[in-house]
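final22.cif follows (mmCIF, C-alpha atoms):
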```cif
data_final
#
loop_
_atom_site.label_atom_id
_atom_site.label_comp_id
_atom_site.auth_asym_id
_atom_site.auth_seq_id
_atom_site.Cartn_x
_atom_site.Cartn_y
_atom_site.Cartn_z
CA VAL A 14 0.00 0.00 0.00
CA PRO A 15 1.63 3.32 -0.94
CA ALA A 16 2.23 5.95 1.74
CA GLY A 17 -0.80 8.16 2.25
CA GLY A 18 -3.16 5.39 1.20
CA SER A 19 -5.52 3.21 3.21
CA VAL A 20 -6.56 -0.42 3.36
CA SER A 21 -9.55 -2.25 4.90
CA VAL A 22 -8.64 -5.27 6.95
CA PRO A 23 -10.66 -7.66 9.17
CA PHE A 24 -9.55 -7.75 12.77
CA GLU A 25 -9.67 -11.52 13.13
CA ILE A 26 -10.60 -14.66 11.30
CA THR A 27 -11.14 -16.94 14.30
CA ALA A 28 -12.16 -15.97 17.80
CA PRO A 29 -10.40 -16.96 21.01
CA GLU A 30 -12.03 -19.90 22.77
CA GLY A 31 -14.99 -18.78 24.80
CA TYR A 32 -15.45 -15.52 22.87
CA LEU A 33 -17.51 -14.39 19.89
CA LEU A 34 -15.78 -13.54 16.62
CA ASN A 35 -15.20 -9.80 16.12
CA ASP A 36 -15.91 -9.55 12.41
CA THR A 37 -15.51 -5.77 12.21
CA VAL A 38 -13.56 -4.57 9.16
CA TYR A 39 -11.22 -1.68 10.07
CA THR A 40 -9.81 0.96 7.74
CA VAL A 41 -6.06 1.48 8.30
CA ASN A 42 -4.32 4.64 7.10
CA VAL A 43 -0.77 4.06 5.91
CA GLN A 44 1.87 6.81 6.41
CA ALA A 45 5.56 6.77 5.42
CA ASN A 46 7.96 5.64 8.14
CA GLN A 47 5.07 5.06 10.61
CA THR A 48 3.51 1.97 12.12
CA ALA A 49 -0.05 1.51 10.88
CA GLN A 50 -2.55 1.17 13.71
CA VAL A 51 -5.86 -0.69 13.73
CA ASN A 52 -8.81 1.19 15.29
CA ASN A 53 -6.51 4.23 15.71
CA GLY A 54 -4.61 2.38 18.38
CA SER A 55 -7.65 1.86 20.63
CA PRO A 56 -8.21 -1.63 22.05
CA VAL A 57 -10.25 -4.03 19.93
CA THR A 58 -12.47 -6.26 22.04
CA ASN A 59 -14.28 -9.57 21.76
CA GLU A 60 -17.58 -10.24 23.48
CA LYS A 61 -17.56 -13.24 25.75
CA LYS A 62 -19.63 -16.06 24.32
CA VAL A 63 -23.00 -16.35 26.05
CA LEU A 64 -23.31 -19.97 27.06
CA SER A 65 -26.95 -19.94 27.99
CA VAL A 66 -30.21 -20.28 26.11
CA THR A 67 -33.87 -20.57 27.08
CA ALA A 68 -36.68 -22.79 25.84
CA GLN A 69 -40.38 -22.83 26.66
CA LEU A 70 -42.64 -25.87 26.59
CA ALA A 71 -46.31 -25.56 25.69
CA ALA A 72 -49.49 -27.48 24.88
CA LYS A 73 -53.09 -26.92 23.80
CA LYS A 74 -56.35 -27.59 25.68
CA THR A 75 -59.72 -28.59 24.25
CA VAL A 76 -63.04 -29.77 25.65
CA ASN A 77 -65.32 -31.65 23.28
CA GLY A 78 -63.03 -30.53 20.46
CA SER A 79 -63.34 -26.82 21.26
CA SER A 80 -60.52 -24.55 22.42
CA ASN A 81 -63.07 -22.17 23.92
CA VAL A 82 -62.12 -23.23 27.44
CA PRO A 83 -62.48 -21.13 30.62
CA SER A 84 -59.08 -19.91 31.80
CA GLY A 85 -57.66 -21.34 35.00
CA TYR A 86 -60.06 -24.27 35.03
CA TYR A 87 -57.52 -27.03 34.27
CA SER A 88 -54.06 -27.70 35.74
CA PHE A 89 -50.95 -29.20 34.15
CA GLU A 90 -47.68 -30.49 35.60
CA LEU A 91 -44.19 -30.40 34.13
CA TYR A 92 -41.49 -32.89 35.12
CA GLU A 93 -37.83 -33.18 34.20
CA VAL A 94 -36.87 -36.78 33.42
CA VAL A 95 -33.29 -37.84 34.29
CA ASN A 96 -32.24 -41.49 34.12
CA GLY A 97 -35.88 -42.51 34.13
CA GLN A 98 -36.66 -40.55 37.29
CA ARG A 99 -39.17 -37.70 37.32
CA LYS A 100 -38.51 -34.43 39.07
CA TRP A 101 -41.48 -32.08 39.43
CA LEU A 102 -40.77 -28.57 38.14
CA GLU A 103 -44.07 -26.66 38.23
CA THR A 104 -47.84 -26.71 37.89
CA VAL A 105 -49.64 -24.19 35.67
CA GLN A 106 -53.23 -23.49 34.65
CA ASN A 107 -54.61 -23.06 31.16
CA VAL A 108 -55.23 -19.64 29.61
CA ALA A 109 -58.22 -20.36 27.40
CA GLY A 110 -57.00 -23.08 25.01
CA ASP A 111 -53.30 -22.54 25.70
CA VAL A 112 -50.97 -24.17 28.23
CA THR A 113 -47.59 -22.46 28.69
CA PHE A 114 -44.86 -23.42 31.13
CA SER A 115 -42.12 -21.10 32.40
CA GLU A 116 -38.95 -20.65 30.39
CA ILE A 117 -36.13 -23.09 31.17
CA THR A 118 -32.51 -21.90 31.00
CA PHE A 119 -29.75 -24.15 29.66
CA THR A 120 -26.03 -23.47 30.11
CA GLN A 121 -24.51 -26.37 28.22
CA ALA A 122 -25.16 -28.47 25.15
CA GLY A 123 -27.03 -31.72 25.56
CA THR A 124 -30.40 -33.47 25.25
CA TYR A 125 -32.97 -32.79 27.95
CA THR A 126 -36.21 -34.72 28.46
CA TYR A 127 -39.42 -33.48 30.06
CA LEU A 128 -42.90 -34.86 30.68
CA MET A 129 -46.18 -32.97 30.64
CA LYS A 130 -49.47 -34.24 32.08
CA GLU A 131 -52.87 -32.89 33.02
CA VAL A 132 -53.93 -33.01 36.65
CA LYS A 133 -57.16 -34.97 36.94
CA GLY A 134 -59.80 -32.66 38.36
CA SER A 135 -62.78 -33.39 40.58
CA ASP A 136 -65.51 -32.71 38.01
CA ALA A 137 -67.28 -36.04 37.73
CA THR A 138 -69.00 -34.88 34.53
CA THR A 139 -65.67 -34.62 32.70
CA THR A 140 -63.45 -37.33 31.27
CA TYR A 141 -59.90 -36.02 31.68
CA ASP A 142 -57.10 -36.67 29.20
CA GLU A 143 -54.63 -38.94 31.01
CA THR A 144 -52.01 -38.89 28.22
CA GLU A 145 -48.46 -38.10 29.32
CA TYR A 146 -46.58 -36.20 26.63
CA THR A 147 -42.80 -36.17 26.29
CA ALA A 148 -40.94 -33.01 25.29
CA THR A 149 -37.30 -33.06 24.22
CA VAL A 150 -35.02 -30.02 24.24
CA THR A 151 -31.88 -30.45 22.16
CA VAL A 152 -29.22 -27.82 22.97
CA THR A 153 -26.33 -27.39 20.53
CA GLU A 154 -23.45 -24.94 20.34
CA ASN A 155 -22.41 -22.94 17.31
CA SER A 156 -20.28 -19.84 16.70
CA ASP A 157 -23.00 -17.63 18.20
CA GLY A 158 -23.44 -19.63 21.41
CA LEU A 159 -26.12 -22.12 22.42
CA VAL A 160 -29.23 -22.95 20.42
CA ALA A 161 -32.27 -24.85 21.76
CA ASP A 162 -34.67 -26.91 19.65
CA VAL A 163 -37.93 -28.23 21.15
CA THR A 164 -39.78 -31.30 19.86
CA TYR A 165 -42.67 -33.35 21.22
CA GLY A 166 -43.43 -37.07 21.30
CA GLU A 167 -41.66 -40.07 19.86
CA ASN A 168 -41.88 -38.64 16.35
CA ALA A 169 -40.00 -35.47 17.38
CA SER A 170 -42.78 -33.21 16.13
CA ALA A 171 -42.54 -29.44 16.36
CA THR A 172 -46.32 -29.29 16.91
CA VAL A 173 -47.33 -28.88 20.53
CA PRO A 174 -49.58 -31.67 21.90
CA THR A 175 -53.25 -31.23 22.79
CA PHE A 176 -54.86 -32.34 26.03
CA ALA A 177 -58.39 -33.25 24.92
CA ASN A 178 -61.13 -33.63 27.53
CA THR A 179 -64.68 -34.71 26.90
CA LYS A 180 -67.69 -33.50 28.80
CA ALA A 181 -70.97 -35.38 28.49
CA SER A 182 -73.58 -33.19 26.83
CA VAL A 183 -77.12 -33.41 25.51
CA ALA A 184 -79.37 -31.49 23.15
CA VAL A 185 -83.02 -30.57 23.69
CA GLN A 186 -85.30 -29.89 20.72
CA VAL A 187 -88.68 -28.18 20.78
CA LYS A 188 -91.24 -28.11 17.97
CA LYS A 189 -94.41 -26.04 17.83
CA VAL A 190 -97.66 -27.19 16.22
CA TRP A 191 -100.87 -25.17 15.85
CA ASN A 192 -104.09 -27.16 15.48
CA HIS A 193 -107.18 -25.28 14.36
CA ASP A 194 -110.33 -27.34 14.40
CA GLY A 195 -108.42 -30.48 13.52
CA ASN A 196 -106.40 -28.78 10.76
CA PRO A 197 -102.81 -28.42 11.95
CA MET A 198 -100.77 -25.43 10.84
CA THR A 199 -103.47 -23.48 9.01
CA ASN A 200 -102.75 -19.82 8.32
CA THR A 201 -104.78 -18.45 11.22
CA TRP A 202 -102.44 -19.15 14.12
CA PRO A 203 -100.50 -16.43 16.00
CA SER A 204 -97.28 -15.14 14.42
CA SER A 205 -95.00 -16.45 17.18
CA ALA A 206 -94.76 -18.33 20.45
CA GLN A 207 -92.17 -18.59 23.20
CA ALA A 208 -90.69 -21.79 24.62
CA MET A 209 -88.74 -22.11 27.85
CA LEU A 210 -86.21 -24.73 28.88
CA PHE A 211 -86.47 -25.87 32.49
CA ILE A 212 -83.47 -27.46 34.19
CA ASP A 213 -84.20 -29.85 37.04
CA GLY A 214 -87.65 -28.31 37.37
CA GLU A 215 -86.45 -24.69 37.43
CA TRP A 216 -86.18 -22.02 34.77
CA PRO A 217 -82.85 -20.12 34.93
CA SER A 218 -83.48 -16.57 36.06
CA ASP A 219 -81.06 -15.09 33.52
CA GLY A 220 -83.48 -15.90 30.71
CA GLN A 221 -80.87 -17.49 28.45
CA TYR A 222 -83.04 -20.53 27.78
CA ILE A 223 -86.09 -18.82 26.34
CA VAL A 224 -86.59 -18.82 22.58
CA THR A 225 -89.09 -17.33 20.14
CA LEU A 226 -90.59 -19.80 17.67
CA ASN A 227 -92.01 -18.57 14.37
CA SER A 228 -92.07 -19.30 10.66
CA SER A 229 -88.49 -18.05 10.17
CA ASN A 230 -87.09 -20.94 12.25
CA ASN A 231 -89.79 -23.39 11.10
CA TRP A 232 -91.35 -23.29 14.55
CA ALA A 233 -88.48 -25.30 16.01
CA HIS A 234 -85.32 -24.80 18.06
CA VAL A 235 -82.50 -26.95 19.46
CA TRP A 236 -80.56 -26.13 22.63
CA GLU A 237 -77.17 -27.78 22.12
CA ASP A 238 -74.15 -28.67 24.28
CA LEU A 239 -76.12 -28.78 27.51
CA PRO A 240 -74.38 -30.54 30.41
CA LYS A 241 -75.67 -34.06 30.88
CA TYR A 242 -74.77 -34.34 34.56
CA ARG A 243 -74.54 -32.27 37.71
CA LEU A 244 -72.66 -33.02 40.91
CA GLU A 245 -74.60 -33.93 44.01
CA ASN A 246 -72.67 -34.94 47.16
CA GLY A 247 -69.67 -35.75 44.99
CA GLN A 248 -71.69 -38.01 42.68
CA ARG A 249 -72.84 -37.21 39.19
CA VAL A 250 -76.58 -37.11 38.65
CA GLU A 251 -78.24 -36.84 35.27
CA ILE A 252 -79.89 -33.46 34.71
CA GLU A 253 -83.57 -33.43 33.77
CA TYR A 254 -84.65 -31.05 31.00
CA GLU A 255 -88.23 -30.09 30.19
CA VAL A 256 -89.81 -27.60 27.79
CA TYR A 257 -92.83 -25.38 28.41
CA GLU A 258 -94.60 -22.63 26.53
CA SER A 259 -94.27 -19.29 28.27
CA ASN A 260 -97.03 -17.21 26.67
CA VAL A 261 -100.07 -19.37 26.17
CA TYR A 262 -102.68 -17.62 24.06
CA SER A 263 -106.30 -17.55 25.21
CA ASP A 264 -108.71 -19.94 23.55
CA TYR A 265 -105.92 -22.48 23.05
CA VAL A 266 -105.36 -25.76 24.85
CA VAL A 267 -101.70 -26.67 25.23
CA LYS A 268 -100.42 -30.23 25.00
CA LEU A 269 -96.79 -31.15 25.68
CA GLU A 270 -95.45 -34.43 24.32
CA LYS A 271 -92.02 -35.99 24.68
CA ASP A 272 -91.09 -37.44 21.32
CA GLU A 273 -89.38 -40.72 20.66
CA THR A 274 -85.93 -40.22 19.13
CA THR A 275 -83.23 -42.59 17.95
CA GLN A 276 -80.44 -40.05 18.32
CA GLU A 277 -78.38 -40.55 21.45
CA ASN A 278 -78.42 -37.69 23.96
CA LEU A 279 -81.18 -35.84 22.10
CA PHE A 280 -84.46 -35.08 23.87
CA SER A 281 -87.30 -33.80 21.72
CA TYR A 282 -90.58 -32.17 22.74
CA THR A 283 -93.61 -31.09 20.71
CA ILE A 284 -95.92 -28.35 21.98
CA THR A 285 -99.32 -28.49 20.32
CA ASN A 286 -101.81 -25.66 20.70
CA THR A 287 -105.37 -26.58 19.78
CA HIS A 288 -108.04 -23.96 19.14
#
```
Output the file's structure in the form of structure tokens.
Amino acid sequence: VPAGGSVSVPFEITAPEGYLLNDTVYTVNVQANQTAQVNNGSPVTNEKKVLSVTAQLAAKKTVNGSSNVPSGYYSFELYEVVNGQRKWLETVQNVAGDVTFSEITFTQAGTYTYLMKEVKGSDATTTYDETEYTATVTVTENSDGLVADVTYGENASATVPTFANTKASVAVQVKKVWNHDGNPMTNTWPSSAQAMLFIDGEWPSDGQYIVTLNSSNNWAHVWEDLPKYRLENGQRVEIEYEVYESNVYSDYVVKLEKDETTQENLFSYTITNTH
């Protein structure tokens, strides 16, 4: 390089053990009869290699195939597995359909095994998922430090597992029939009627189980995903559902019939008003 010129040079090609490579390219000015200095004579430093990395294990939660699950209702345990022995790490609750454990810090390369399981609750109306899922964290080291890769199950899938519970449910159907002088469903009946769903002989005060029946819904309605059981003294008891008409018109006689149905967990009622 002629005097008065400059040249760009890398500081280093390989880093000292335990440090990150300083790949900065420095411009060096060359003067006659002078020693060229890198970084204007100021010290050039290497950052110490960070030998730690974090990983976070997770899962999904569903009930009857839906992830619309109340938060904090289900609990899950995380264990570290070493030489076949389990060591409990923590218990967390779901946040809607998500289950997230705390971050785990690793300071050296290796393969780490964990086990996730759902804590069986006390709700006798629910069948809890008793599957125990394995999570593997593989920690490797490269020029930038440690890297963690998380997989689940024997197939080393990147997809988080799902704890799937089932809750027994039923559906209740109501149909409305108008009978005028022996002629059902003539065009002289009222424009609408209201049906109410009673649960164990009581109508919920919040009014959520009252429905208007009219020609737009073909004078029929189905209440779906109703709990099949309730707890009584720690035992599950089947809930009884009944349907009644709430606004009976004058000059009509009301008849309630429970229909025969071949569909499991479906109860059907027909309300007939005769003039």
Next item on the list: Tell me which of A:Asn260, A:Gln221, A:Gln186, A:Thr37 sits closest to Phe280 in chain A, counting only C-alpha atoms.
Entry: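 Ranking A:Asn260, A:Gln221, A:Gln186, A:Thr37 by distance to Phe280 in chain A, first place goes to A:Gln186.
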Next item on the list: Report as a count of residues only the residues that result from applying the PyMOL selection byres ((chain A and resi 271-279) around 7) to the structure here.
Entry: 9
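Selection result for the displayed file, with the PyMOL selection byres ((chain A and resi 162-170) around 7) as criterion, is Tyr146, Thr147, Ala148, Thr149, Val150, Thr151, Val152, Val160, Ala161, Ala171, Thr172 and Val173 of chain A.
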Margin query: My list of candidates is A:Val94, A:Leu34, A:Val82, A:Val266. Which is closest to Gly158 in chain A when distances are computed with all atoms listed in the file?
Written below: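 When distances to Gly158 in chain A are compared using all atoms listed in the file, the smallest one comes from A:Leu34.
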Item checked: Spatial neighbours of Lys188 in chain A, max dist 9 Å, all atoms listed in the file, sep filter under 6 positions, as a list in words -> Leu226, Asn231, Trp232, Ala233, His234, Val235, Ser281, Tyr282, Thr283, Ile284 and Thr285 of chain A
Export of prior selection with C-alpha atoms as a tab-separated table (two decimals), in the frame of the given file:
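Output file again31.tsv is given in full below:
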```
chain	number	residue	atom	x	y	z
A	226	LEU	CA	-90.59	-19.80	17.67
A	231	ASN	CA	-89.79	-23.39	11.10
A	232	TRP	CA	-91.35	-23.29	14.55
A	233	ALA	CA	-88.48	-25.30	16.01
A	234	HIS	CA	-85.32	-24.80	18.06
A	235	VAL	CA	-82.50	-26.95	19.46
A	281	SER	CA	-87.30	-33.80	21.72
A	282	TYR	CA	-90.58	-32.17	22.74
A	283	THR	CA	-93.61	-31.09	20.71
A	284	ILE	CA	-95.92	-28.35	21.98
A	285	THR	CA	-99.32	-28.49	20.32
```
Item checked: Pick from A:Gln207, A:Gln121, A:Thr75, A:Asp111, whichever lies nearest to Lys180 in chain A using only C-alpha atoms -> A:Thr75
Notebook entry, point to check: What is the CA of Leu244 in chain A-CA of Thr140 in chain A distance in Å, reported with one decimal?
Noted result: 14.0 Å
Notebook entry, point to check: Which neighbours of Phe89 in chain A fall inside 6 Å, counting all atoms listed in the file, when residues of the same chain fewer than 6 positions from it are skipped, and could you give them as a list in words?
Noted result: Thr104, Val105, Lys130, Glu131 and Val132 of chain A
Margin query: What would the selection look like, as a PyMOL selection string, if the PyMOL selection byres ((chain A and resi 255) around 7) were run on the coordinates I just shared?
Written below: chain A and resi 210-212+253-254+256-257
Next item on the list: Could you check which of A:Gln248, A:Asn81, A:Thr58, A:Thr144 is closest to Phe176 in chain A, using only C-alpha atoms?
Entry: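 Smallest separation from Phe176 in chain A among the options: A:Thr144.
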Check: Do you have the CA of Val112 in chain A-CA of Gly85 in chain A distance handy?
Finding: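 So the answer is 9.9 Å.
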Next item on the list: Determine, counting all atoms listed in the file, every residue of protein, DNA or RNA that lies within 6 Å of (-33.9, -25.4, 29.5) in the file coordinates, then give the result as an MDAnalysis selection string.
Entry: chainID A and resid 67:68 117:119
Note to self: Just checking: using all atoms listed in the file, which residue out of A:Tyr87, A:Asn178, A:Ser205, A:Glu60 ends up closest to Tyr262 in chain A?
What the structure shows: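 Selected residue with least distance to Tyr262 in chain A: A:Ser205.
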Notebook entry, point to check: From the set A:Glu103, A:Glu116, A:Ile26, A:Thr138, which residue has the shortest atom-to-atom contact distance to Pro240 in chain A, counting all atoms listed in the file?
Noted result: A:Thr138
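The gap separating CA of Lys133 in chain A from CA of Glu145 in chain A is 12.0 Å, in Å to one decimal.
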Step by step, gather every atom of range 241-244 of chain A that the file lists, find the box along x, y and z that holds them, add 3 Å on each side, and finally give centre and edge lengths in Å to one decimal, as JSON.
```
{"center_x": -74.2, "center_y": -33.3, "center_z": 35.9, "size_x": 9.0, "size_y": 8.1, "size_z": 16.0}
```
